[in-house]
Amino acid sequence: MSESQGRRRVGIVGYGHLGQYLVQRLQTDGHRHGLELAFVWNRDARKLEELVPVELRLEKLADFFERHADIIVEVAHPCIAQSHGEAFLKAADFMVGSPTALADVGTELKLREVARQSGHTLYIPSGALWGGQDIQRLDDGGMLQALTVTMVKHPDSFRLGGHLGELARAARKERKVLYDGPVRKLCPLAPNNVNTMAAACMAAPSLGFDGVRGCLVADPGHPDYHVVEIEATGPGGFSVRSTRKNPAASGAVTGAATFVAFWSSLLVCQGHGGQVYLC
């Protein structure tokens with residue numbers, strides 16, 4: 001923690017809906033939790049005008065180290081973790097808000113190793129993943145044999161291209177399964193829509209992105225909420241299933257409860273050493 005300020009300094013990378021929410025919470029409630037805003041960066045800097053004080057705007061992301069952040073929170077796009085994650089982790093703790101970036105084997109291995117060497121923590125926010133720490137404990141104990149994450153949203157809540165985008169558009173009248181298979185193959189096809197699945201893969205490293213099954217469903221009967229179903233199985237017939245319904249505005253990629261979950265995750269990030277930590 002920055003000794004001169006006595007607070008944990010937070011850098012926010014990305015100023016979409018989630019980034020705006022975190023900045024607002026830091027400005028209004030951060031002091032009560034020993035947090036303060038170090039900087040805000042957005043690809044389109046014009047979006048920060050009249051909303052973020054000039055002294056908190058970061059023009060060039062490569063200059064982040066000048067702001068002496070204790071933790072950097074990415075809520076922009078998976079490419080940020082892939083291109084800047086190593087540098088972030090060498091200087092500070094790093095929360096990957098787009099864990100689909102870690103479906104790239106090289107990125108995951110590199111960031112795990114940098115965290116170990118630097119002593120900084122690579123944080124994976126639970127987001128919409130219900131029971132992530134229970135999954136982690138099962139995996140740590142060698143009891144997790146299979147894990148399936150099913151995400152159901154209205155077709156307008158997906159940001160998809162190519163074949164999956166065509167399938168989603170065709171689902172305006174009836175429910176359609178867009179994908180059912182290993183999460184690793186899905187992440188590059190739907191990088192903004194399946195971060196919950198990616199978080200589950202990080203919670204269960206024995207299965208990982210190749211072993212965790214992801215099922216993506218478009219359902220026109222879900223106009224105002226998202227559904228995440230988790231099914232974990234183990235030896236001797238053990239199984240557990242959870243269903244999470246998250247209210248969401250029409251066409252929204254992120255459900256309302258996920259915003260609060262991210263803030264709660266940030267409050268957990270007090271430094272846990274050189275490891276990957278689900279928060």
# chains A, B, ... in the order shown; residues from 1 in each chain; ligands from 1

call {"tool": "residues_around", "arguments": {"residues": "segment 111-127 of chain A", "least_positions_apart": "3", "cutoff": "8 Å", "atoms": "only C-alpha atoms", "output": "number ranges by chain"}}
result
A: 85-86, 89-97, 99, 107-108, 130, 132, 196, 199, 202, 258-259, 261-262, 265-266, 269, 271-279

call {"tool": "select_by_dssp", "arguments": {"residues": "segment 61-246 of chain A", "states": "helix (DSSP H, G or I)", "output": "PDB file with N, CA and C atoms, in the first residue's frame"}}
result
ATOM      1  N   LEU A  61      -1.772   4.265 -21.665  1.00  0.00           N
ATOM      2  CA  LEU A  61      -1.815   3.139 -20.726  1.00  0.00           C
ATOM      3  C   LEU A  61      -0.413   2.698 -20.318  1.00  0.00           C
ATOM      4  N   ALA A  62       0.549   2.840 -21.210  1.00  0.00           N
ATOM      5  CA  ALA A  62       1.930   2.445 -20.905  1.00  0.00           C
ATOM      6  C   ALA A  62       2.535   3.271 -19.782  1.00  0.00           C
ATOM      7  N   ASP A  63       1.915   4.410 -19.459  1.00  0.00           N
ATOM      8  CA  ASP A  63       2.431   5.277 -18.394  1.00  0.00           C
ATOM      9  C   ASP A  63       1.781   4.996 -17.035  1.00  0.00           C
ATOM     10  N   PHE A  64       1.106   3.856 -16.914  1.00  0.00           N
ATOM     11  CA  PHE A  64       0.372   3.547 -15.680  1.00  0.00           C
ATOM     12  C   PHE A  64       1.264   3.561 -14.444  1.00  0.00           C
ATOM     13  N   PHE A  65       2.531   3.152 -14.607  1.00  0.00           N
ATOM     14  CA  PHE A  65       3.421   3.027 -13.444  1.00  0.00           C
ATOM     15  C   PHE A  65       3.673   4.375 -12.775  1.00  0.00           C
ATOM     16  N   GLU A  66       3.482   5.469 -13.502  1.00  0.00           N
ATOM     17  CA  GLU A  66       3.700   6.791 -12.925  1.00  0.00           C
ATOM     18  C   GLU A  66       2.658   7.131 -11.864  1.00  0.00           C
ATOM     19  N   ARG A  67       1.529   6.396 -11.864  1.00  0.00           N
ATOM     20  CA  ARG A  67       0.452   6.689 -10.929  1.00  0.00           C
ATOM     21  C   ARG A  67       0.548   5.866  -9.644  1.00  0.00           C
ATOM     22  N   PRO A  78     -10.498  -8.410 -23.239  1.00  0.00           N
ATOM     23  CA  PRO A  78      -9.451  -9.413 -22.985  1.00  0.00           C
ATOM     24  C   PRO A  78      -8.087  -9.036 -23.532  1.00  0.00           C
ATOM     25  N   CYS A  79      -8.031  -8.258 -24.596  1.00  0.00           N
ATOM     26  CA  CYS A  79      -6.739  -7.920 -25.188  1.00  0.00           C
ATOM     27  C   CYS A  79      -5.855  -7.119 -24.236  1.00  0.00           C
ATOM     28  N   ILE A  80      -6.461  -6.440 -23.256  1.00  0.00           N
ATOM     29  CA  ILE A  80      -5.674  -5.656 -22.297  1.00  0.00           C
ATOM     30  C   ILE A  80      -4.809  -6.570 -21.436  1.00  0.00           C
ATOM     31  N   ALA A  81      -5.392  -7.631 -20.913  1.00  0.00           N
ATOM     32  CA  ALA A  81      -4.619  -8.576 -20.100  1.00  0.00           C
ATOM     33  C   ALA A  81      -3.541  -9.245 -20.929  1.00  0.00           C
ATOM     34  N   GLN A  82      -3.839  -9.514 -22.188  1.00  0.00           N
ATOM     35  CA  GLN A  82      -2.875 -10.192 -23.045  1.00  0.00           C
ATOM     36  C   GLN A  82      -1.706  -9.289 -23.419  1.00  0.00           C
ATOM     37  N   SER A  83      -1.962  -7.988 -23.569  1.00  0.00           N
ATOM     38  CA  SER A  83      -0.900  -7.079 -24.003  1.00  0.00           C
ATOM     39  C   SER A  83      -0.208  -6.353 -22.849  1.00  0.00           C
ATOM     40  N   HIS A  84      -0.930  -6.110 -21.733  1.00  0.00           N
ATOM     41  CA  HIS A  84      -0.372  -5.319 -20.642  1.00  0.00           C
ATOM     42  C   HIS A  84      -0.350  -6.052 -19.293  1.00  0.00           C
ATOM     43  N   GLY A  85      -0.946  -7.235 -19.228  1.00  0.00           N
ATOM     44  CA  GLY A  85      -1.060  -7.926 -17.951  1.00  0.00           C
ATOM     45  C   GLY A  85       0.279  -8.194 -17.283  1.00  0.00           C
ATOM     46  N   GLU A  86       1.266  -8.574 -18.057  1.00  0.00           N
ATOM     47  CA  GLU A  86       2.585  -8.859 -17.493  1.00  0.00           C
ATOM     48  C   GLU A  86       3.178  -7.613 -16.836  1.00  0.00           C
ATOM     49  N   ALA A  87       3.105  -6.479 -17.523  1.00  0.00           N
ATOM     50  CA  ALA A  87       3.636  -5.230 -16.966  1.00  0.00           C
ATOM     51  C   ALA A  87       2.853  -4.803 -15.729  1.00  0.00           C
ATOM     52  N   PHE A  88       1.540  -4.955 -15.772  1.00  0.00           N
ATOM     53  CA  PHE A  88       0.721  -4.609 -14.612  1.00  0.00           C
ATOM     54  C   PHE A  88       1.162  -5.407 -13.383  1.00  0.00           C
ATOM     55  N   LEU A  89       1.296  -6.735 -13.574  1.00  0.00           N
ATOM     56  CA  LEU A  89       1.608  -7.619 -12.450  1.00  0.00           C
ATOM     57  C   LEU A  89       3.003  -7.391 -11.882  1.00  0.00           C
ATOM     58  N   LYS A  90       3.913  -6.946 -12.697  1.00  0.00           N
ATOM     59  CA  LYS A  90       5.255  -6.664 -12.196  1.00  0.00           C
ATOM     60  C   LYS A  90       5.255  -5.453 -11.262  1.00  0.00           C
ATOM     61  N   ALA A  91       4.251  -4.577 -11.428  1.00  0.00           N
ATOM     62  CA  ALA A  91       4.209  -3.344 -10.647  1.00  0.00           C
ATOM     63  C   ALA A  91       3.156  -3.341  -9.553  1.00  0.00           C
ATOM     64  N   PRO A  99     -11.620 -12.439 -17.789  1.00  0.00           N
ATOM     65  CA  PRO A  99     -10.787 -13.646 -17.701  1.00  0.00           C
ATOM     66  C   PRO A  99     -10.839 -14.533 -18.935  1.00  0.00           C
ATOM     67  N   THR A 100     -11.699 -14.217 -19.910  1.00  0.00           N
ATOM     68  CA  THR A 100     -11.628 -14.965 -21.169  1.00  0.00           C
ATOM     69  C   THR A 100     -10.258 -14.802 -21.807  1.00  0.00           C
ATOM     70  N   ALA A 101      -9.534 -13.747 -21.430  1.00  0.00           N
ATOM     71  CA  ALA A 101      -8.165 -13.559 -21.935  1.00  0.00           C
ATOM     72  C   ALA A 101      -7.279 -14.741 -21.587  1.00  0.00           C
ATOM     73  N   LEU A 102      -7.586 -15.402 -20.476  1.00  0.00           N
ATOM     74  CA  LEU A 102      -6.730 -16.482 -19.985  1.00  0.00           C
ATOM     75  C   LEU A 102      -6.990 -17.806 -20.691  1.00  0.00           C
ATOM     76  N   ALA A 103      -7.970 -17.814 -21.593  1.00  0.00           N
ATOM     77  CA  ALA A 103      -8.171 -19.011 -22.418  1.00  0.00           C
ATOM     78  C   ALA A 103      -7.002 -19.207 -23.374  1.00  0.00           C
ATOM     79  N   VAL A 105      -3.482 -20.026 -23.802  1.00  0.00           N
ATOM     80  CA  VAL A 105      -2.576 -20.774 -22.924  1.00  0.00           C
ATOM     81  C   VAL A 105      -1.352 -19.949 -22.542  1.00  0.00           C
ATOM     82  N   GLY A 106      -0.764 -19.281 -23.526  1.00  0.00           N
ATOM     83  CA  GLY A 106       0.434 -18.501 -23.244  1.00  0.00           C
ATOM     84  C   GLY A 106       0.189 -17.383 -22.253  1.00  0.00           C
ATOM     85  N   THR A 107      -0.968 -16.726 -22.379  1.00  0.00           N
ATOM     86  CA  THR A 107      -1.296 -15.632 -21.459  1.00  0.00           C
ATOM     87  C   THR A 107      -1.482 -16.150 -20.045  1.00  0.00           C
ATOM     88  N   GLU A 108      -2.225 -17.244 -19.885  1.00  0.00           N
ATOM     89  CA  GLU A 108      -2.452 -17.784 -18.543  1.00  0.00           C
ATOM     90  C   GLU A 108      -1.130 -18.193 -17.881  1.00  0.00           C
ATOM     91  N   LEU A 109      -0.313 -18.951 -18.611  1.00  0.00           N
ATOM     92  CA  LEU A 109       0.950 -19.424 -18.030  1.00  0.00           C
ATOM     93  C   LEU A 109       1.875 -18.255 -17.691  1.00  0.00           C
ATOM     94  N   LYS A 110       1.926 -17.270 -18.577  1.00  0.00           N
ATOM     95  CA  LYS A 110       2.795 -16.110 -18.360  1.00  0.00           C
ATOM     96  C   LYS A 110       2.370 -15.337 -17.122  1.00  0.00           C
ATOM     97  N   LEU A 111       1.068 -15.082 -16.969  1.00  0.00           N
ATOM     98  CA  LEU A 111       0.608 -14.287 -15.834  1.00  0.00           C
ATOM     99  C   LEU A 111       0.728 -15.062 -14.523  1.00  0.00           C
ATOM    100  N   ARG A 112       0.522 -16.356 -14.554  1.00  0.00           N
ATOM    101  CA  ARG A 112       0.743 -17.165 -13.347  1.00  0.00           C
ATOM    102  C   ARG A 112       2.198 -17.070 -12.897  1.00  0.00           C
ATOM    103  N   GLU A 113       3.119 -17.145 -13.860  1.00  0.00           N
ATOM    104  CA  GLU A 113       4.532 -17.118 -13.529  1.00  0.00           C
ATOM    105  C   GLU A 113       4.963 -15.735 -13.042  1.00  0.00           C
ATOM    106  N   VAL A 114       4.477 -14.678 -13.677  1.00  0.00           N
ATOM    107  CA  VAL A 114       4.830 -13.324 -13.248  1.00  0.00           C
ATOM    108  C   VAL A 114       4.308 -13.055 -11.845  1.00  0.00           C
ATOM    109  N   ALA A 115       3.099 -13.528 -11.544  1.00  0.00           N
ATOM    110  CA  ALA A 115       2.560 -13.367 -10.195  1.00  0.00           C
ATOM    111  C   ALA A 115       3.465 -14.058  -9.177  1.00  0.00           C
ATOM    112  N   ARG A 116       3.892 -15.268  -9.501  1.00  0.00           N
ATOM    113  CA  ARG A 116       4.753 -16.021  -8.577  1.00  0.00           C
ATOM    114  C   ARG A 116       6.080 -15.301  -8.359  1.00  0.00           C
ATOM    115  N   GLN A 117       6.666 -14.793  -9.428  1.00  0.00           N
ATOM    116  CA  GLN A 117       7.978 -14.153  -9.317  1.00  0.00           C
ATOM    117  C   GLN A 117       7.907 -12.776  -8.654  1.00  0.00           C
ATOM    118  N   SER A 118       6.854 -12.039  -8.938  1.00  0.00           N
ATOM    119  CA  SER A 118       6.757 -10.662  -8.432  1.00  0.00           C
ATOM    120  C   SER A 118       6.198 -10.572  -7.021  1.00  0.00           C
ATOM    121  N   GLY A 132     -18.120 -20.140  -6.599  1.00  0.00           N
ATOM    122  CA  GLY A 132     -16.783 -20.322  -7.146  1.00  0.00           C
ATOM    123  C   GLY A 132     -15.786 -20.864  -6.142  1.00  0.00           C
ATOM    124  N   GLN A 133     -15.850 -20.381  -4.911  1.00  0.00           N
ATOM    125  CA  GLN A 133     -14.894 -20.844  -3.897  1.00  0.00           C
ATOM    126  C   GLN A 133     -15.183 -22.284  -3.481  1.00  0.00           C
ATOM    127  N   ASP A 134     -16.454 -22.698  -3.552  1.00  0.00           N
ATOM    128  CA  ASP A 134     -16.786 -24.105  -3.285  1.00  0.00           C
ATOM    129  C   ASP A 134     -16.210 -25.000  -4.378  1.00  0.00           C
ATOM    130  N   ILE A 135     -16.314 -24.528  -5.616  1.00  0.00           N
ATOM    131  CA  ILE A 135     -15.714 -25.264  -6.739  1.00  0.00           C
ATOM    132  C   ILE A 135     -14.206 -25.387  -6.525  1.00  0.00           C
ATOM    133  N   GLN A 136     -13.596 -24.294  -6.098  1.00  0.00           N
ATOM    134  CA  GLN A 136     -12.153 -24.280  -5.871  1.00  0.00           C
ATOM    135  C   GLN A 136     -11.754 -25.275  -4.787  1.00  0.00           C
ATOM    136  N   ARG A 137     -12.525 -25.320  -3.716  1.00  0.00           N
ATOM    137  CA  ARG A 137     -12.210 -26.259  -2.625  1.00  0.00           C
ATOM    138  C   ARG A 137     -12.355 -27.708  -3.099  1.00  0.00           C
ATOM    139  N   LEU A 138     -13.398 -28.003  -3.881  1.00  0.00           N
ATOM    140  CA  LEU A 138     -13.557 -29.351  -4.424  1.00  0.00           C
ATOM    141  C   LEU A 138     -12.360 -29.719  -5.298  1.00  0.00           C
ATOM    142  N   ASP A 139     -11.952 -28.787  -6.105  1.00  0.00           N
ATOM    143  CA  ASP A 139     -10.829 -29.032  -7.004  1.00  0.00           C
ATOM    144  C   ASP A 139      -9.533 -29.235  -6.223  1.00  0.00           C
ATOM    145  N   ASP A 140      -9.316 -28.390  -5.222  1.00  0.00           N
ATOM    146  CA  ASP A 140      -8.111 -28.517  -4.395  1.00  0.00           C
ATOM    147  C   ASP A 140      -8.048 -29.871  -3.709  1.00  0.00           C
ATOM    148  N   PRO A 155     -31.382 -13.096 -26.904  1.00  0.00           N
ATOM    149  CA  PRO A 155     -30.485 -12.926 -28.053  1.00  0.00           C
ATOM    150  C   PRO A 155     -29.854 -11.543 -28.151  1.00  0.00           C
ATOM    151  N   ASP A 156     -30.569 -10.498 -27.727  1.00  0.00           N
ATOM    152  CA  ASP A 156     -30.033  -9.134 -27.814  1.00  0.00           C
ATOM    153  C   ASP A 156     -28.932  -8.861 -26.798  1.00  0.00           C
ATOM    154  N   SER A 157     -28.754  -9.749 -25.812  1.00  0.00           N
ATOM    155  CA  SER A 157     -27.734  -9.554 -24.783  1.00  0.00           C
ATOM    156  C   SER A 157     -26.380 -10.135 -25.171  1.00  0.00           C
ATOM    157  N   GLY A 162     -19.810 -13.738 -36.591  1.00  0.00           N
ATOM    158  CA  GLY A 162     -19.683 -15.002 -37.291  1.00  0.00           C
ATOM    159  C   GLY A 162     -20.870 -15.927 -37.118  1.00  0.00           C
ATOM    160  N   HIS A 163     -20.559 -17.217 -37.062  1.00  0.00           N
ATOM    161  CA  HIS A 163     -21.606 -18.235 -37.003  1.00  0.00           C
ATOM    162  C   HIS A 163     -22.455 -18.104 -35.741  1.00  0.00           C
ATOM    163  N   LEU A 164     -21.831 -17.828 -34.592  1.00  0.00           N
ATOM    164  CA  LEU A 164     -22.605 -17.699 -33.356  1.00  0.00           C
ATOM    165  C   LEU A 164     -23.558 -16.505 -33.427  1.00  0.00           C
ATOM    166  N   GLY A 165     -23.103 -15.416 -34.043  1.00  0.00           N
ATOM    167  CA  GLY A 165     -23.979 -14.258 -34.192  1.00  0.00           C
ATOM    168  C   GLY A 165     -25.192 -14.580 -35.034  1.00  0.00           C
ATOM    169  N   GLU A 166     -25.000 -15.360 -36.092  1.00  0.00           N
ATOM    170  CA  GLU A 166     -26.118 -15.768 -36.948  1.00  0.00           C
ATOM    171  C   GLU A 166     -27.095 -16.637 -36.168  1.00  0.00           C
ATOM    172  N   LEU A 167     -26.574 -17.541 -35.353  1.00  0.00           N
ATOM    173  CA  LEU A 167     -27.439 -18.401 -34.549  1.00  0.00           C
ATOM    174  C   LEU A 167     -28.236 -17.578 -33.539  1.00  0.00           C
ATOM    175  N   ALA A 168     -27.578 -16.591 -32.914  1.00  0.00           N
ATOM    176  CA  ALA A 168     -28.265 -15.757 -31.930  1.00  0.00           C
ATOM    177  C   ALA A 168     -29.384 -14.958 -32.580  1.00  0.00           C
ATOM    178  N   ARG A 169     -29.130 -14.427 -33.754  1.00  0.00           N
ATOM    179  CA  ARG A 169     -30.170 -13.658 -34.445  1.00  0.00           C
ATOM    180  C   ARG A 169     -31.345 -14.543 -34.846  1.00  0.00           C
ATOM    181  N   VAL A 183     -14.765 -24.817 -22.863  1.00  0.00           N
ATOM    182  CA  VAL A 183     -14.810 -23.364 -22.719  1.00  0.00           C
ATOM    183  C   VAL A 183     -13.680 -22.700 -23.511  1.00  0.00           C
ATOM    184  N   ARG A 184     -12.533 -23.361 -23.626  1.00  0.00           N
ATOM    185  CA  ARG A 184     -11.412 -22.727 -24.317  1.00  0.00           C
ATOM    186  C   ARG A 184     -11.781 -22.314 -25.747  1.00  0.00           C
ATOM    187  N   LYS A 185     -12.499 -23.151 -26.459  1.00  0.00           N
ATOM    188  CA  LYS A 185     -12.851 -22.845 -27.840  1.00  0.00           C
ATOM    189  C   LYS A 185     -13.900 -21.737 -27.926  1.00  0.00           C
ATOM    190  N   LEU A 186     -14.709 -21.592 -26.881  1.00  0.00           N
ATOM    191  CA  LEU A 186     -15.772 -20.598 -26.899  1.00  0.00           C
ATOM    192  C   LEU A 186     -15.269 -19.186 -26.592  1.00  0.00           C
ATOM    193  N   ASN A 195     -17.329 -14.531 -19.538  1.00  0.00           N
ATOM    194  CA  ASN A 195     -16.337 -14.367 -18.469  1.00  0.00           C
ATOM    195  C   ASN A 195     -16.669 -15.222 -17.252  1.00  0.00           C
ATOM    196  N   THR A 196     -17.950 -15.477 -17.027  1.00  0.00           N
ATOM    197  CA  THR A 196     -18.340 -16.355 -15.917  1.00  0.00           C
ATOM    198  C   THR A 196     -17.781 -17.759 -16.124  1.00  0.00           C
ATOM    199  N   MET A 197     -17.857 -18.239 -17.339  1.00  0.00           N
ATOM    200  CA  MET A 197     -17.299 -19.559 -17.647  1.00  0.00           C
ATOM    201  C   MET A 197     -15.788 -19.564 -17.449  1.00  0.00           C
ATOM    202  N   ALA A 198     -15.129 -18.504 -17.887  1.00  0.00           N
ATOM    203  CA  ALA A 198     -13.674 -18.425 -17.738  1.00  0.00           C
ATOM    204  C   ALA A 198     -13.280 -18.408 -16.267  1.00  0.00           C
ATOM    205  N   ALA A 199     -14.053 -17.699 -15.439  1.00  0.00           N
ATOM    206  CA  ALA A 199     -13.772 -17.685 -14.004  1.00  0.00           C
ATOM    207  C   ALA A 199     -13.902 -19.086 -13.412  1.00  0.00           C
ATOM    208  N   ALA A 200     -14.878 -19.841 -13.880  1.00  0.00           N
ATOM    209  CA  ALA A 200     -15.053 -21.219 -13.405  1.00  0.00           C
ATOM    210  C   ALA A 200     -13.845 -22.073 -13.772  1.00  0.00           C
ATOM    211  N   CYS A 201     -13.298 -21.851 -14.957  1.00  0.00           N
ATOM    212  CA  CYS A 201     -12.108 -22.601 -15.382  1.00  0.00           C
ATOM    213  C   CYS A 201     -10.916 -22.298 -14.481  1.00  0.00           C
ATOM    214  N   MET A 202     -10.790 -21.034 -14.071  1.00  0.00           N
ATOM    215  CA  MET A 202      -9.686 -20.656 -13.187  1.00  0.00           C
ATOM    216  C   MET A 202      -9.905 -21.183 -11.774  1.00  0.00           C
ATOM    217  N   ALA A 203     -11.170 -21.357 -11.377  1.00  0.00           N
ATOM    218  CA  ALA A 203     -11.467 -21.921 -10.056  1.00  0.00           C
ATOM    219  C   ALA A 203     -11.207 -23.415 -10.019  1.00  0.00           C
ATOM    220  N   GLY A 208      -9.529 -27.003 -15.983  1.00  0.00           N
ATOM    221  CA  GLY A 208      -9.082 -25.916 -16.835  1.00  0.00           C
ATOM    222  C   GLY A 208     -10.026 -25.605 -17.988  1.00  0.00           C
ATOM    223  N   PHE A 209      -9.548 -24.811 -18.907  1.00  0.00           N
ATOM    224  CA  PHE A 209     -10.373 -24.359 -20.021  1.00  0.00           C
ATOM    225  C   PHE A 209     -10.746 -25.484 -20.980  1.00  0.00           C
ATOM    226  N   ASP A 210      -9.935 -26.545 -21.009  1.00  0.00           N
ATOM    227  CA  ASP A 210     -10.253 -27.670 -21.888  1.00  0.00           C
ATOM    228  C   ASP A 210     -11.227 -28.646 -21.250  1.00  0.00           C
ATOM    229  N   GLY A 211     -11.220 -28.716 -19.915  1.00  0.00           N
ATOM    230  CA  GLY A 211     -12.048 -29.702 -19.229  1.00  0.00           C
ATOM    231  C   GLY A 211     -13.398 -29.198 -18.771  1.00  0.00           C
ATOM    232  N   PRO A 235     -16.880 -37.960  -7.203  1.00  0.00           N
ATOM    233  CA  PRO A 235     -16.935 -39.413  -7.065  1.00  0.00           C
ATOM    234  C   PRO A 235     -18.120 -39.870  -6.216  1.00  0.00           C
ATOM    235  N   GLY A 236     -18.507 -41.110  -6.429  1.00  0.00           N
ATOM    236  CA  GLY A 236     -19.544 -41.719  -5.604  1.00  0.00           C
ATOM    237  C   GLY A 236     -20.930 -41.169  -5.819  1.00  0.00           C
ATOM    238  N   GLY A 237     -21.168 -40.555  -6.971  1.00  0.00           N
ATOM    239  CA  GLY A 237     -22.486 -39.994  -7.249  1.00  0.00           C
ATOM    240  C   GLY A 237     -22.703 -38.594  -6.724  1.00  0.00           C
TER     241      GLY A 237
END

call {"tool": "closest_residue", "arguments": {"among": "A:Cys215, A:Arg159, A:Leu147, A:Ala252", "to": "Lys176 of chain A", "atoms": "only C-alpha atoms"}}
result
A:Cys215

call {"tool": "residues_around", "arguments": {"residues": "segment 19-30 of chain A", "least_positions_apart": "3", "cutoff": "9 Å", "atoms": "only C-alpha atoms", "output": "list in words"}}
result
Val10, Ile12, Val13, Gly14, Tyr15, Gly16, His33, Gly34, Leu35, Glu36, Leu37, Val40, Val52, Val73, Glu74, Val75, Ala76, Phe259, Val260, Phe262 and Trp263 of chain A

call {"tool": "write_last_selection", "arguments": {"atoms": "N, CA, C and O atoms", "output": "tab-separated table (two decimals), in the first residue's frame"}}
result
chain	number	residue	atom	x	y	z
A	10	VAL	N	-6.13	2.48	-6.56
A	10	VAL	CA	-6.76	1.61	-7.55
A	10	VAL	C	-6.75	2.28	-8.92
A	10	VAL	O	-7.24	3.40	-9.08
A	12	ILE	N	-8.21	2.02	-12.75
A	12	ILE	CA	-9.30	1.42	-13.50
A	12	ILE	C	-8.99	1.52	-15.00
A	12	ILE	O	-8.78	2.61	-15.53
A	13	VAL	N	-8.98	0.37	-15.67
A	13	VAL	CA	-8.72	0.31	-17.10
A	13	VAL	C	-10.01	-0.08	-17.81
A	13	VAL	O	-10.45	-1.24	-17.73
A	14	GLY	N	-10.64	0.89	-18.44
A	14	GLY	CA	-11.92	0.68	-19.11
A	14	GLY	C	-13.00	1.53	-18.46
A	14	GLY	O	-13.10	1.57	-17.22
A	15	TYR	N	-13.78	2.22	-19.28
A	15	TYR	CA	-14.80	3.11	-18.74
A	15	TYR	C	-16.15	2.87	-19.41
A	15	TYR	O	-16.87	3.77	-19.78
A	16	GLY	N	-16.47	1.57	-19.56
A	16	GLY	CA	-17.81	1.19	-19.98
A	16	GLY	C	-18.74	1.23	-18.77
A	16	GLY	O	-18.44	1.88	-17.76
A	33	HIS	N	-13.30	2.40	2.86
A	33	HIS	CA	-12.70	1.08	2.74
A	33	HIS	C	-11.19	1.15	2.54
A	33	HIS	O	-10.56	0.14	2.20
A	34	GLY	N	-10.61	2.32	2.75
A	34	GLY	CA	-9.17	2.47	2.59
A	34	GLY	C	-8.72	2.42	1.15
A	34	GLY	O	-7.59	2.00	0.87
A	35	LEU	N	-9.58	2.88	0.24
A	35	LEU	CA	-9.26	2.86	-1.19
A	35	LEU	C	-9.33	4.26	-1.77
A	35	LEU	O	-10.11	5.09	-1.32
A	36	GLU	N	-8.52	4.51	-2.80
A	36	GLU	CA	-8.63	5.77	-3.53
A	36	GLU	C	-8.31	5.52	-4.99
A	36	GLU	O	-7.59	4.57	-5.34
A	37	LEU	N	-8.84	6.35	-5.85
A	37	LEU	CA	-8.65	6.21	-7.28
A	37	LEU	C	-7.28	6.74	-7.69
A	37	LEU	O	-6.92	7.88	-7.36
A	40	VAL	N	-7.80	6.56	-14.27
A	40	VAL	CA	-8.80	5.94	-15.14
A	40	VAL	C	-8.30	6.04	-16.57
A	40	VAL	O	-7.90	7.12	-17.01
A	52	VAL	N	-14.56	12.50	-15.41
A	52	VAL	CA	-13.42	12.12	-14.57
A	52	VAL	C	-12.50	13.33	-14.45
A	52	VAL	O	-12.14	13.93	-15.47
A	73	VAL	N	-7.31	-2.68	-12.12
A	73	VAL	CA	-8.53	-3.44	-12.42
A	73	VAL	C	-8.86	-3.25	-13.90
A	73	VAL	O	-9.13	-2.14	-14.35
A	74	GLU	N	-8.85	-4.36	-14.64
A	74	GLU	CA	-9.19	-4.32	-16.06
A	74	GLU	C	-10.66	-4.65	-16.24
A	74	GLU	O	-11.13	-5.71	-15.84
A	75	VAL	N	-11.41	-3.73	-16.83
A	75	VAL	CA	-12.82	-3.95	-17.16
A	75	VAL	C	-13.07	-3.42	-18.57
A	75	VAL	O	-14.05	-2.70	-18.81
A	76	ALA	N	-12.18	-3.76	-19.49
A	76	ALA	CA	-12.25	-3.21	-20.84
A	76	ALA	C	-12.45	-4.30	-21.88
A	76	ALA	O	-13.52	-4.42	-22.48
A	259	PHE	N	-22.56	-5.99	-11.08
A	259	PHE	CA	-21.87	-4.75	-10.74
A	259	PHE	C	-21.50	-4.75	-9.26
A	259	PHE	O	-20.36	-4.44	-8.88
A	260	VAL	N	-22.47	-5.08	-8.42
A	260	VAL	CA	-22.22	-5.11	-6.98
A	260	VAL	C	-21.21	-6.20	-6.64
A	260	VAL	O	-20.35	-6.02	-5.77
A	262	PHE	N	-18.71	-7.18	-8.44
A	262	PHE	CA	-17.37	-6.70	-8.76
A	262	PHE	C	-16.84	-5.78	-7.67
A	262	PHE	O	-15.66	-5.84	-7.30
A	263	TRP	N	-17.69	-4.91	-7.15
A	263	TRP	CA	-17.27	-4.03	-6.07
A	263	TRP	C	-16.88	-4.84	-4.84
A	263	TRP	O	-15.85	-4.59	-4.20

call {"tool": "select_by_dssp", "arguments": {"residues": "segment 186-226 of chain A", "states": "strand (DSSP E)", "output": "list in words"}}
result
Arg213, Gly214, Cys215, Leu216, Val217, Ala218, Tyr225 and His226 of chain A

call {"tool": "atom_distance", "arguments": {"atom1": "atom CA of Leu160 of chain A", "atom2": "atom CA of Leu189 of chain A"}}
result
7.1 Å

call {"tool": "residues_around", "arguments": {"residues": "Lys245 of chain A", "least_positions_apart": "5", "cutoff": "8 Å", "atoms": "only C-alpha atoms", "output": "ChimeraX atom specification"}}
result
/A:225-228

call {"tool": "residues_around", "arguments": {"residues": "Glu231 of chain A", "least_positions_apart": "5", "cutoff": "7 Å", "atoms": "only C-alpha atoms", "output": "ChimeraX atom specification"}}
result
/A:147-149,240-242

call {"tool": "write_last_selection", "arguments": {"atoms": "C-alpha atoms", "output": "short mmCIF file (atom, residue, chain, number, x, y, z; two decimals), in the first residue's frame"}}
result
data_model
loop_
_atom_site.label_atom_id
_atom_site.label_comp_id
_atom_site.auth_asym_id
_atom_site.auth_seq_id
_atom_site.Cartn_x
_atom_site.Cartn_y
_atom_site.Cartn_z
CA LEU A 147 -17.99 -29.01 -14.24
CA THR A 148 -20.58 -27.52 -16.59
CA VAL A 149 -21.54 -23.85 -16.83
CA VAL A 240 -24.46 -30.12 -6.89
CA ARG A 241 -26.40 -27.75 -9.13
CA SER A 242 -27.11 -24.05 -8.70
#

call {"tool": "atom_distance", "arguments": {"atom1": "atom CA of Gly234 of chain A", "atom2": "atom CA of Arg213 of chain A"}}
result
14.8 Å
